[in-house]
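Have a look at my_file-v3.csv below; it lists CSV, C-alpha atoms.
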chain,number,residue,atom,x,y,z
A,1,MET,CA,41.9,32.1,59.0
A,2,MET,CA,41.5,28.7,57.4
A,3,LYS,CA,37.7,28.6,58.2
A,4,LYS,CA,37.3,32.0,56.7
A,5,ASN,CA,39.0,30.9,53.5
A,6,ILE,CA,36.8,27.7,53.3
A,7,TYR,CA,33.7,29.9,53.7
A,8,LEU,CA,34.7,32.2,51.0
A,9,LEU,CA,35.5,29.3,48.7
A,10,PHE,CA,32.0,27.9,49.4
A,11,ILE,CA,30.4,31.2,48.5
A,12,PHE,CA,32.4,31.3,45.3
A,13,LEU,CA,31.3,27.8,44.2
A,14,LEU,CA,27.7,28.7,44.8
A,15,ASN,CA,28.0,31.7,42.5
A,16,ILE,CA,29.6,29.4,39.8
A,17,CYS,CA,26.8,26.8,40.1
A,18,SER,CA,24.0,29.4,39.6
A,19,ALA,CA,25.7,31.0,36.6
A,20,GLN,CA,24.7,30.5,33.0
A,21,ILE,CA,26.8,28.3,30.9
A,22,ASN,CA,26.9,29.5,27.3
A,23,PHE,CA,28.6,27.6,24.4
A,24,THR,CA,28.0,30.4,21.9
A,25,THR,CA,29.8,33.4,20.5
A,26,LEU,CA,26.8,35.6,21.5
A,27,THR,CA,27.5,38.0,24.4
A,28,ASN,CA,23.8,37.8,25.5
A,29,PRO,CA,22.3,34.6,24.1
A,30,ASP,CA,19.0,34.9,26.1
A,31,SER,CA,18.2,38.1,24.1
A,32,ASN,CA,19.2,36.6,20.7
A,33,ALA,CA,19.2,32.9,20.3
A,34,ASN,CA,18.9,33.0,16.5
A,35,GLY,CA,22.6,33.2,15.8
A,36,SER,CA,24.4,30.7,13.5
A,37,ASP,CA,25.9,28.8,16.5
A,38,GLN,CA,25.4,25.0,16.3
A,39,VAL,CA,25.3,24.2,20.0
A,40,MET,CA,23.9,26.1,22.9
A,41,LEU,CA,23.4,25.0,26.6
A,42,TYR,CA,21.3,27.0,29.1
A,43,ILE,CA,21.3,26.2,32.8
A,44,THR,CA,19.1,29.2,33.7
A,45,ASN,CA,16.6,31.3,31.9
A,46,ALA,CA,16.0,35.1,32.5
A,47,SER,CA,12.2,34.6,32.6
A,48,GLU,CA,12.3,31.6,35.0
A,49,ALA,CA,9.8,31.4,37.8
A,50,THR,CA,11.1,32.3,41.3
A,51,GLY,CA,13.1,29.4,42.7
A,52,VAL,CA,12.8,27.3,39.6
A,53,LYS,CA,15.8,26.3,37.5
A,54,GLY,CA,15.9,23.9,34.6
A,55,PHE,CA,17.5,22.9,31.4
A,56,GLY,CA,16.1,25.0,28.5
A,57,LEU,CA,16.3,23.5,25.1
A,58,PRO,CA,16.4,25.7,22.0
A,59,ALA,CA,13.0,25.5,20.4
A,60,VAL,CA,11.3,25.8,17.0
A,61,ASP,CA,7.6,26.4,16.3
A,62,THR,CA,6.8,23.3,14.1
A,63,GLU,CA,8.6,20.3,12.7
A,64,MET,CA,8.8,22.1,9.4
A,65,ASP,CA,11.1,24.6,11.1
A,66,LEU,CA,13.7,21.9,12.0
A,67,PRO,CA,17.0,22.4,10.2
A,68,PHE,CA,18.3,19.9,7.7
A,69,THR,CA,14.9,18.7,6.5
A,70,GLY,CA,13.1,18.7,3.1
A,71,SER,CA,15.3,20.1,0.4
A,72,ASN,CA,18.0,20.9,3.0
A,73,ALA,CA,18.3,17.3,4.1
A,74,PRO,CA,22.0,16.2,4.2
A,75,SER,CA,23.1,13.6,1.7
A,76,ALA,CA,25.9,12.5,4.1
A,77,ARG,CA,25.9,12.3,7.9
A,78,ILE,CA,27.0,15.5,9.7
A,79,GLU,CA,29.1,13.9,12.5
A,80,ASN,CA,29.6,17.0,14.6
A,81,LEU,CA,25.8,17.5,14.9
A,82,ARG,CA,24.9,13.9,16.0
A,83,GLY,CA,22.9,14.1,19.2
A,84,MET,CA,21.6,17.7,18.7
A,85,LEU,CA,18.3,18.3,20.5
A,86,LEU,CA,15.5,20.8,19.7
A,87,PHE,CA,12.1,21.2,21.3
A,88,VAL,CA,9.1,21.5,18.9
A,89,LYS,CA,6.5,23.8,20.4
A,90,SER,CA,3.5,22.7,18.3
A,91,THR,CA,3.8,19.0,19.2
A,92,GLY,CA,5.5,19.3,22.6
A,93,GLN,CA,8.1,16.8,21.4
A,94,THR,CA,11.9,16.8,21.9
A,95,MET,CA,13.6,15.9,18.6
A,96,VAL,CA,17.1,14.4,18.3
A,97,PHE,CA,19.3,14.7,15.2
A,98,ASP,CA,21.5,11.7,14.3
A,99,GLY,CA,23.5,13.7,11.7
A,100,LEU,CA,21.2,12.6,8.9
A,101,ALA,CA,17.6,12.7,10.1
A,102,TRP,CA,15.4,13.8,13.0
A,103,SER,CA,13.5,11.5,15.3
A,104,LYS,CA,11.5,11.8,18.6
A,105,ALA,CA,14.0,11.7,21.5
A,106,PHE,CA,11.7,10.1,24.1
A,107,GLU,CA,9.1,8.2,22.1
A,108,VAL,CA,8.4,4.7,23.6
A,109,GLU,CA,8.1,2.3,20.6
A,110,SER,CA,10.0,-0.5,19.1
A,111,ASP,CA,13.2,1.1,17.7
A,112,ASN,CA,14.5,-1.9,15.8
A,113,ILE,CA,11.7,-2.8,13.4
A,114,SER,CA,10.6,-0.9,10.2
A,115,ARG,CA,7.7,-1.9,8.0
A,116,PHE,CA,6.7,-0.6,4.6
A,117,GLN,CA,4.0,-1.2,2.0
A,118,ILE,CA,5.1,-2.3,-1.5
A,119,ASN,CA,3.6,-0.4,-4.4
A,120,SER,CA,1.8,-2.5,-7.0
A,121,VAL,CA,4.1,-3.6,-9.9
A,122,SER,CA,3.6,-5.9,-12.9
A,123,THR,CA,6.1,-7.9,-15.0
A,124,THR,CA,6.0,-9.9,-18.2
A,125,SER,CA,9.6,-11.1,-17.8
A,126,GLY,CA,9.4,-13.2,-14.6
A,127,SER,CA,11.2,-10.7,-12.4
A,128,THR,CA,10.9,-7.1,-11.3
A,129,LEU,CA,12.3,-4.8,-8.6
A,130,LEU,CA,9.9,-4.0,-5.8
A,131,PRO,CA,9.1,-0.3,-5.3
A,132,ILE,CA,9.0,0.3,-1.5
A,133,ASN,CA,6.6,3.0,-0.3
A,134,SER,CA,8.0,5.4,2.3
A,135,LEU,CA,4.5,6.2,3.8
A,136,ILE,CA,4.4,6.2,7.6
A,137,ASP,CA,1.0,5.1,8.9
A,138,LYS,CA,1.4,3.9,12.5
A,139,PRO,CA,-2.3,2.9,13.0
A,140,ASN,CA,-1.7,0.4,10.1
A,141,PHE,CA,1.7,-0.7,11.5
A,142,LEU,CA,3.8,1.2,8.9
A,143,ALA,CA,6.7,2.9,10.6
A,144,ASP,CA,10.4,3.5,10.1
A,145,PRO,CA,12.3,3.9,13.4
A,146,LEU,CA,15.4,2.5,11.7
A,147,LYS,CA,15.3,5.4,9.2
A,148,LEU,CA,15.7,3.2,6.2
A,149,LYS,CA,13.7,5.5,4.0
A,150,THR,CA,14.3,8.8,5.8
A,151,ASN,CA,15.8,11.5,3.5
A,152,VAL,CA,15.6,9.0,0.6
A,153,GLY,CA,14.1,10.1,-2.8
A,154,THR,CA,10.7,8.7,-3.8
A,155,THR,CA,11.5,8.5,-7.5
A,156,GLY,CA,14.1,6.7,-9.7
A,157,ALA,CA,16.3,4.0,-8.2
A,158,ASN,CA,15.8,5.3,-4.6
A,159,ILE,CA,12.2,4.1,-4.5
A,160,ASN,CA,13.5,0.5,-4.5
A,161,ARG,CA,16.2,1.1,-1.9
A,162,LEU,CA,16.4,0.8,1.9
A,163,TYR,CA,19.4,2.5,3.3
A,164,ILE,CA,21.2,1.0,6.3
A,165,ARG,CA,21.9,3.6,9.1
A,166,GLN,CA,23.6,1.2,11.6
A,167,THR,CA,25.9,-1.7,11.0
A,168,GLY,CA,24.5,-5.0,12.2
A,169,LEU,CA,22.6,-8.2,11.5
A,170,TYR,CA,19.2,-7.7,9.8
A,171,ARG,CA,16.2,-9.9,9.3
A,172,ILE,CA,14.1,-9.0,6.2
A,173,ASN,CA,10.6,-10.5,5.9
A,174,LEU,CA,8.7,-10.3,2.6
A,175,ASN,CA,5.0,-10.9,2.5
A,176,LEU,CA,4.0,-10.7,-1.2
A,177,THR,CA,0.5,-11.0,-2.8
A,178,PHE,CA,0.3,-11.9,-6.5
A,179,THR,CA,-2.4,-11.9,-9.1
A,180,GLY,CA,-2.2,-13.3,-12.6
A,181,PRO,CA,-3.9,-15.4,-15.4
A,182,ALA,CA,-5.3,-18.8,-14.6
A,183,GLY,CA,-2.5,-21.4,-14.3
A,184,THR,CA,0.0,-18.7,-13.6
A,185,PHE,CA,1.1,-20.2,-10.2
A,186,SER,CA,1.8,-23.8,-11.2
A,187,ASN,CA,5.5,-23.0,-10.6
A,188,ARG,CA,7.3,-21.4,-7.7
A,189,LEU,CA,7.8,-17.7,-7.2
A,190,GLY,CA,10.2,-15.9,-4.9
A,191,ALA,CA,12.5,-13.0,-4.4
A,192,GLY,CA,16.2,-12.0,-4.5
A,193,LEU,CA,17.9,-9.7,-2.0
A,194,PHE,CA,20.6,-7.3,-3.3
A,195,VAL,CA,23.1,-5.3,-1.3
A,196,ASN,CA,24.5,-2.3,-3.3
A,197,ASP,CA,23.1,-3.9,-6.4
A,198,ALA,CA,25.0,-7.2,-5.9
A,199,LEU,CA,22.9,-10.3,-5.4
A,200,ARG,CA,23.3,-11.9,-2.0
A,201,CYS,CA,20.6,-14.6,-2.0
A,202,GLN,CA,17.4,-15.9,-3.6
A,203,LEU,CA,14.5,-17.8,-2.2
A,204,LEU,CA,11.7,-19.7,-4.0
A,205,GLU,CA,8.4,-20.8,-2.5
A,206,ASN,CA,5.2,-22.5,-3.7
A,207,THR,CA,2.5,-19.8,-3.7
A,208,VAL,CA,-0.5,-20.3,-1.3
A,209,ASN,CA,-4.1,-19.8,-2.6
A,210,PHE,CA,-5.2,-16.9,-0.5
A,211,ASP,CA,-8.8,-16.2,-1.7
A,212,GLY,CA,-9.2,-17.8,-5.1
A,213,THR,CA,-7.8,-14.8,-6.9
A,214,ASN,CA,-4.7,-13.8,-5.0
A,215,ARG,CA,-1.7,-15.9,-4.1
A,216,LYS,CA,0.8,-15.3,-1.3
A,217,ILE,CA,4.3,-16.2,-0.4
A,218,ASN,CA,6.2,-15.3,2.8
A,219,LEU,CA,10.0,-15.2,2.8
A,220,ASP,CA,12.7,-14.5,5.4
A,221,PHE,CA,16.2,-13.3,4.7
A,222,SER,CA,19.1,-12.7,7.2
A,223,VAL,CA,22.0,-10.6,6.2
A,224,TYR,CA,24.8,-8.6,7.8
A,225,MET,CA,24.9,-5.0,6.6
A,226,VAL,CA,27.3,-2.1,7.0
A,227,GLN,CA,26.2,1.5,7.6
A,228,GLY,CA,25.8,3.3,4.2
A,229,GLN,CA,24.9,0.2,2.2
A,230,TYR,CA,21.4,-0.2,0.7
A,231,ILE,CA,19.0,-3.1,0.1
A,232,THR,CA,16.9,-3.8,-3.0
A,233,LEU,CA,14.5,-6.6,-3.5
A,234,GLU,CA,13.4,-8.3,-6.7
A,235,THR,CA,10.7,-10.9,-7.4
A,236,VAL,CA,11.9,-14.0,-9.3
A,237,SER,CA,10.2,-16.9,-11.0
A,238,GLU,CA,11.3,-20.5,-11.2
A,239,ILE,CA,12.9,-21.6,-14.5
A,240,GLY,CA,10.1,-22.7,-16.8
A,241,GLY,CA,7.5,-21.0,-14.6
A,242,THR,CA,5.3,-18.0,-15.1
A,243,VAL,CA,6.6,-14.8,-16.5
A,244,SER,CA,3.5,-12.6,-16.3
A,245,TYR,CA,2.1,-11.6,-12.9
A,246,THR,CA,1.4,-8.6,-10.7
A,247,VAL,CA,2.6,-7.9,-7.2
A,248,THR,CA,-0.3,-6.1,-5.5
A,249,ASN,CA,0.0,-3.3,-2.9
A,250,ASN,CA,-1.3,-5.8,-0.3
A,251,SER,CA,2.4,-6.7,0.0
A,252,TYR,CA,4.8,-5.6,2.8
A,253,VAL,CA,8.5,-5.7,3.7
A,254,THR,CA,9.5,-5.8,7.4
A,255,VAL,CA,13.1,-5.1,8.4
A,256,GLU,CA,14.3,-6.0,11.9
A,257,LYS,CA,17.7,-5.1,13.3
A,258,VAL,CA,18.6,-8.3,15.3
A,259,LEU,CA,22.1,-7.4,16.5
For the structure just supplied, provide its representation as structure tokens.
Amino acid sequence: MMKKNIYLLFIFLLNICSAQINFTTLTNPDSNANGSDQVMLYITNASEATGVKGFGLPAVDTEMDLPFTGSNAPSARIENLRGMLLFVKSTGQTMVFDGLAWSKAFEVESDNISRFQINSVSTTSGSTLLPINSLIDKPNFLADPLKLKTNVGTTGANINRLYIRQTGLYRINLNLTFTGPAGTFSNRLGAGLFVNDALRCQLLENTVNFDGTNRKINLDFSVYMVQGQYITLETVSEIGGTVSYTVTNNSYVTVEKVL
């Protein structure tokens, strides 16, 4: 009798393991997966090949079809959607949502360094905020795995800001190229780093004659940042130094999450 009960229990478990698990309010999710439910899990699929079982992700046709993008991008992190996965048919990529922005779930690349080009900007007062371009151009080493500019406006104050998504220690490198009138660079130039518009530190360096016309400086900052804070960067001039110069678009900011 005990053997019979064990056998029946085994058959019962097999039936459970091959069943579909459905975390939705839809009675038949395979026939209608376009409901308003936020999370769905499929262990089997009605159209699966014979003997093949797999994990079927909900899918969209293109990246433009991903929710919470463009004008629908969230201004604050949606905690209960962190880790949501969607498959994009046009690219063959699985995308993961961190509650604020989408990124490739399985892309093999450095995930702790973002690099941006700085838009050209001129000043006649000796200092100016640096406008940071959000363009992603991986062949030219412009990328943003840290999501510092993702879902950030490209006009107004936001063009100067880098938003921190993860608390930690950051290294910020500024590689700046300047042009200006003859004799402009007889004094030092540098930059200041601001966190939420409060000055954290300033650095000054002698400019290096790059090609007879352009001058360069290279600066490194280290700062501990908390999620939700933002960085802005400003060029500065030594007291008694030049007040008129241009920062060219051959200038870059690189942010590395160290810890």
Option closest in space to Met84 of chain A, from A:Ile136, A:Val195, A:Leu57, A:Cys201 [counting all atoms listed in the file]: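 Nearest candidate to Met84 of chain A out of A:Ile136, A:Val195, A:Leu57, A:Cys201: A:Leu57.
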Work out how far apart atom CA of Gly192 of chain A and atom CA of Leu135 of chain A are and give it in Å to one decimal.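 That distance, rounded to one decimal, is 23.2 Å.
Going from atom CA of Lys147 of chain A over to atom CA of Asn72 of chain A, you cover 16.9 Å.
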So, with only C-alpha atoms as the atoms that count, which of A:Thr235, A:Ser114, A:Ser251, A:Asn175 lies closest to Leu148 of chain A?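 Of A:Thr235, A:Ser114, A:Ser251, A:Asn175, the one nearest Leu148 of chain A is A:Ser114, counting only C-alpha atoms.
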Provide the atom CA of Tyr230 of chain A to atom CA of Asn196 of chain A distance in Å, to one decimal place.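 Atom CA of Tyr230 of chain A sits 5.5 Å away from atom CA of Asn196 of chain A.
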Please provide as number ranges by chain all residues within 12 Å of Gln93 of chain A, with the sequence filter that same-chain residues fewer than 4 positions apart are discarded (counting all atoms listed in the file). A: 57, 59-63, 85-89, 102-107
